[in-house]
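First the structure, in the form of structure tokens, and then the observations on it.
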Amino acid sequence: MRLAIVHDYLNQMGGAERVLKVLHHIYPDAPVYTTIYEPSLVDPEFKRMDIRTTFMQRLPFVHRHHQPFLPVFPFAIESIDLREYDVVLSMSSAWSKNVLTRPETCHICYCLAPMRFAWSFQEYAAGEKGIARWQKPLLHPLLMALRAWDVAGANRVDRFIGISSTVNRRIKKYYRRDAALIHPPVETHSYAGGVAEAGDDGYFLIAARLVPYKRIDLAIQACNQLKAPLKIIGIGRDRERLQAMAGPTIEFLGWVDDATKRQHLRRCRAFLFPSEEDFGIAPVEALASGRPVVAYAAGGALDLIQEGMNGLFFRQQTSEALVEVLKRVPEQAWDSAAISQHAAQFDAQTFELKLRRFVDEAVSAHAHPDVPTLSGTETAALT
């Protein structure tokens, strides 16, 4: 089985790139096709992979500032030649699912999200300083064209997998397609080993890229009001703005190594997850460490948290709503062992078993289209 992996772009490290590493571990002989690749901005492990780029790799400034090249990506992704492969596994939050494949090729899309800036532009643009108010109306024709192109590309996908119930509802809404549900892989076992040391040292914790849509500003405002300690792990372009609003109880730790991160996770009062995310790997790491999560009640958090058992929700995305929930955290009796055990369902090994099974079933169904097979929703019940 000749299999290729397709990824949107490789010029930053985030949850998608961590999932890509796991996919390559499952299929180590598969080349990784992507629009652009900048080795200095991603994990050194990618240097050991067979990574193949498009003509965009030669464009000036694109590796560190890819957003202005948005109109070029559709041409780049459709230029990838995948004729020699039996199976294409695309991992997409924007472009990669729109690759062109032969009818004989089985194309499976692991969908991180439908193209967010095309389908949820108002929310996407709200936190982006680079988009002026007067520019937004001018972008409408481009957004309309992107949506049409995106739907056309979705129609060429043979099977969809979504990363959360929320993402699957969006796939159904925008593409009119069913999708199986396989949550992203998290190395929960590496965090669960420290559960015996888990406990409440009195501080709240965030671990995230410092960018506007992560809504770290809400956590800072809430902890300022409560005069509660908050540690923030992460780097990003929003750090200067966040530091300007931070009071004396807020501590920016920047980048930390894995051992330090695990130590902070297992000793925090609670992990804060104030943004609406498609899934959320960092909160799963906190849960695996035995600590509760306080999350905005939307998106992937709804798949992760059983309120009162392993966390609490705030239902309005405001600092005032978050303050009221943070006051309740020390009043709860949290069972670290139970919290960690619940998180084990998201382990990378479980992901690998589910994904292999899904791919094998999809490839078999594609090769024998006359044989009755499971629908996407029926497969979801089995995975």
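Naming scheme: A, B, ... for chains in displayed order of the structure tokens; residues 1 onward per chain; ligands 1 onward as shown.
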
Close residues, segment 233-237 of chain A itself excluded, 10 Å, only C-alpha atoms, min 3 positions apart in chain, as an mmCIF file with N, CA and C atoms, in the first residue's frame:
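Output file part33.cif follows:
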data_model
loop_
_atom_site.group_PDB
_atom_site.id
_atom_site.type_symbol
_atom_site.label_atom_id
_atom_site.label_comp_id
_atom_site.auth_asym_id
_atom_site.auth_seq_id
_atom_site.Cartn_x
_atom_site.Cartn_y
_atom_site.Cartn_z
ATOM 1 N N LEU A 205 -2.925 27.660 35.991
ATOM 2 C CA LEU A 205 -1.906 27.449 34.961
ATOM 3 C C LEU A 205 -2.529 27.515 33.572
ATOM 4 N N ILE A 206 -1.779 28.107 32.647
ATOM 5 C CA ILE A 206 -2.097 28.082 31.221
ATOM 6 C C ILE A 206 -0.842 27.642 30.482
ATOM 7 N N ALA A 207 -0.997 26.793 29.468
ATOM 8 C CA ALA A 207 0.100 26.436 28.568
ATOM 9 C C ALA A 207 -0.447 26.549 27.155
ATOM 10 N N ALA A 208 0.015 27.558 26.419
ATOM 11 C CA ALA A 208 -0.550 27.815 25.089
ATOM 12 C C ALA A 208 0.345 28.789 24.340
ATOM 13 N N ARG A 209 0.183 28.814 23.013
ATOM 14 C CA ARG A 209 0.814 29.871 22.235
ATOM 15 C C ARG A 209 0.151 31.198 22.593
ATOM 16 N N LEU A 210 0.944 32.234 22.735
ATOM 17 C CA LEU A 210 0.417 33.536 23.132
ATOM 18 C C LEU A 210 -0.059 34.277 21.884
ATOM 19 N N VAL A 211 -1.267 33.933 21.460
ATOM 20 C CA VAL A 211 -1.905 34.561 20.305
ATOM 21 C C VAL A 211 -3.318 34.951 20.708
ATOM 22 N N PRO A 212 -3.915 35.936 20.032
ATOM 23 C CA PRO A 212 -5.182 36.504 20.514
ATOM 24 C C PRO A 212 -6.311 35.511 20.703
ATOM 25 N N LEU A 230 -1.260 33.107 38.772
ATOM 26 C CA LEU A 230 -1.439 32.488 37.466
ATOM 27 C C LEU A 230 -0.083 32.370 36.797
ATOM 28 N N GLU A 240 3.544 40.824 24.513
ATOM 29 C CA GLU A 240 3.694 42.213 24.970
ATOM 30 C C GLU A 240 2.359 42.770 25.453
ATOM 31 N N ARG A 241 1.298 42.530 24.716
ATOM 32 C CA ARG A 241 -0.027 43.024 25.110
ATOM 33 C C ARG A 241 -0.485 42.372 26.410
ATOM 34 N N LEU A 242 -0.269 41.077 26.541
ATOM 35 C CA LEU A 242 -0.701 40.360 27.734
ATOM 36 C C LEU A 242 0.087 40.804 28.966
ATOM 37 N N GLU A 251 2.578 35.398 36.271
ATOM 38 C CA GLU A 251 3.973 35.062 35.979
ATOM 39 C C GLU A 251 4.064 34.430 34.586
ATOM 40 N N PHE A 252 4.881 35.027 33.721
ATOM 41 C CA PHE A 252 5.119 34.497 32.385
ATOM 42 C C PHE A 252 6.389 33.651 32.416
ATOM 43 N N LEU A 253 6.234 32.382 32.121
ATOM 44 C CA LEU A 253 7.365 31.449 32.194
ATOM 45 C C LEU A 253 8.036 31.234 30.846
ATOM 46 N N GLY A 254 7.430 31.715 29.761
ATOM 47 C CA GLY A 254 8.003 31.516 28.441
ATOM 48 C C GLY A 254 8.019 30.048 28.058
ATOM 49 N N TRP A 255 8.987 29.672 27.238
ATOM 50 C CA TRP A 255 9.126 28.268 26.860
ATOM 51 C C TRP A 255 9.763 27.508 28.019
ATOM 52 N N VAL A 256 9.271 26.305 28.305
ATOM 53 C CA VAL A 256 9.870 25.449 29.332
ATOM 54 C C VAL A 256 10.024 24.045 28.757
ATOM 55 N N LYS A 261 7.324 21.464 32.531
ATOM 56 C CA LYS A 261 5.897 21.569 32.231
ATOM 57 C C LYS A 261 5.098 20.536 33.013
ATOM 58 N N HIS A 264 4.716 21.603 36.657
ATOM 59 C CA HIS A 264 3.712 22.653 36.859
ATOM 60 C C HIS A 264 2.300 22.092 36.695
#

Next on the checklist: Residues within 12 Å of segment 323-326 of chain A, please, as JSON, numbers by chain. Count only C-alpha atoms; anything in the same chain fewer than 6 positions from it doesn't count.
Outcome noted: {"A": [202, 203, 204, 205, 218, 219, 220, 221, 222, 223, 224, 225, 226, 227, 228, 229, 230, 269, 270, 271, 272, 273, 274, 292, 293, 294, 295, 296, 297, 307, 308, 311, 312, 313, 314, 315, 316, 317, 332]}

Next on the checklist: Give me the residues near segment 161-174 of chain A as a VMD selection string, where near means some atom within 10 Å (using only C-alpha atoms) and where sequence neighbours in that chain fewer than 4 positions away do not count.
Outcome noted: chain A and resid 91 108 to 115 119 147 150 to 151 154 178 to 185 277 to 280 298 to 304 355 358 376 to 377 379 to 380

Would you mind exporting the chosen residues as a tab-separated table (two decimals), in the first residue's frame, restricted to C-alpha atoms?
chain	number	residue	atom	x	y	z
A	91	MET	CA	-4.47	16.29	7.80
A	108	ILE	CA	-8.95	10.00	3.81
A	109	CYS	CA	-9.03	13.40	5.50
A	110	TYR	CA	-8.23	13.74	9.19
A	111	CYS	CA	-10.00	17.07	9.56
A	112	LEU	CA	-8.72	19.32	12.35
A	113	ALA	CA	-11.39	21.85	11.36
A	114	PRO	CA	-13.08	23.23	8.27
A	115	MET	CA	-11.16	26.26	7.02
A	119	TRP	CA	-16.24	29.80	7.47
A	147	ARG	CA	-15.71	28.68	0.48
A	150	ASP	CA	-13.27	24.44	-0.07
A	151	VAL	CA	-16.60	22.68	-0.65
A	154	ALA	CA	-14.38	18.35	0.37
A	178	ASP	CA	-20.64	12.40	7.79
A	179	ALA	CA	-17.37	11.93	9.66
A	180	ALA	CA	-16.02	9.35	12.04
A	181	LEU	CA	-14.74	10.63	15.39
A	182	ILE	CA	-11.16	9.90	16.46
A	183	HIS	CA	-9.75	12.30	19.04
A	184	PRO	CA	-6.15	13.47	18.52
A	185	PRO	CA	-3.33	11.56	20.21
A	277	GLU	CA	-10.80	25.17	20.44
A	278	ASP	CA	-11.48	22.39	18.01
A	279	PHE	CA	-10.03	19.92	20.54
A	280	GLY	CA	-7.32	20.84	23.05
A	298	ALA	CA	-17.70	25.23	23.77
A	299	GLY	CA	-15.75	23.32	21.14
A	300	GLY	CA	-13.53	20.40	21.99
A	301	ALA	CA	-13.76	21.02	25.74
A	302	LEU	CA	-17.25	19.52	25.65
A	303	ASP	CA	-15.69	16.16	24.71
A	304	LEU	CA	-13.07	16.36	27.47
A	355	LEU	CA	-6.73	5.16	12.96
A	358	PHE	CA	-10.33	3.09	10.07
A	376	GLY	CA	-19.07	7.21	8.56
A	377	THR	CA	-21.38	7.48	11.56
A	379	THR	CA	-17.74	3.52	11.86
A	380	ALA	CA	-17.57	6.24	14.50

Checklist entry - DSSP says strand (DSSP E) for which residues of segment 141-367 of chain A? Put them as a ChimeraX atom specification? => result /A:159-162,180-181,204-207,230-233,250-254,270-273,293-296,311-314

Next on the checklist: Could you pull out the alpha helix (DSSP H) residues of segment 28-127 of chain A, going by DSSP on the backbone, and write them as a PyMOL selection string?
Outcome noted: chain A and resi 73-78+116-119+121-126

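Proximity to Cys106 of chain A was assessed for A:Ser90, A:Gln345, A:Thr188, A:Gln12 counting only C-alpha atoms; the smallest distance is recorded for A:Ser90.
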
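If only C-alpha atoms are the atoms counted, then among A:Arg116, A:Lys21, A:Lys97, A:Arg356 the closest residue to Ala152 of chain A is A:Lys97.
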
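Between atom CA of Asn155 of chain A and atom CA of Val99 of chain A the interatomic distance comes to 11.2 Å.
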
Next on the checklist: Using Å and a single decimal, report how far atom CA of Tyr37 of chain A sits from atom CA of Ile51 of chain A.
Outcome noted: 8.0 Å
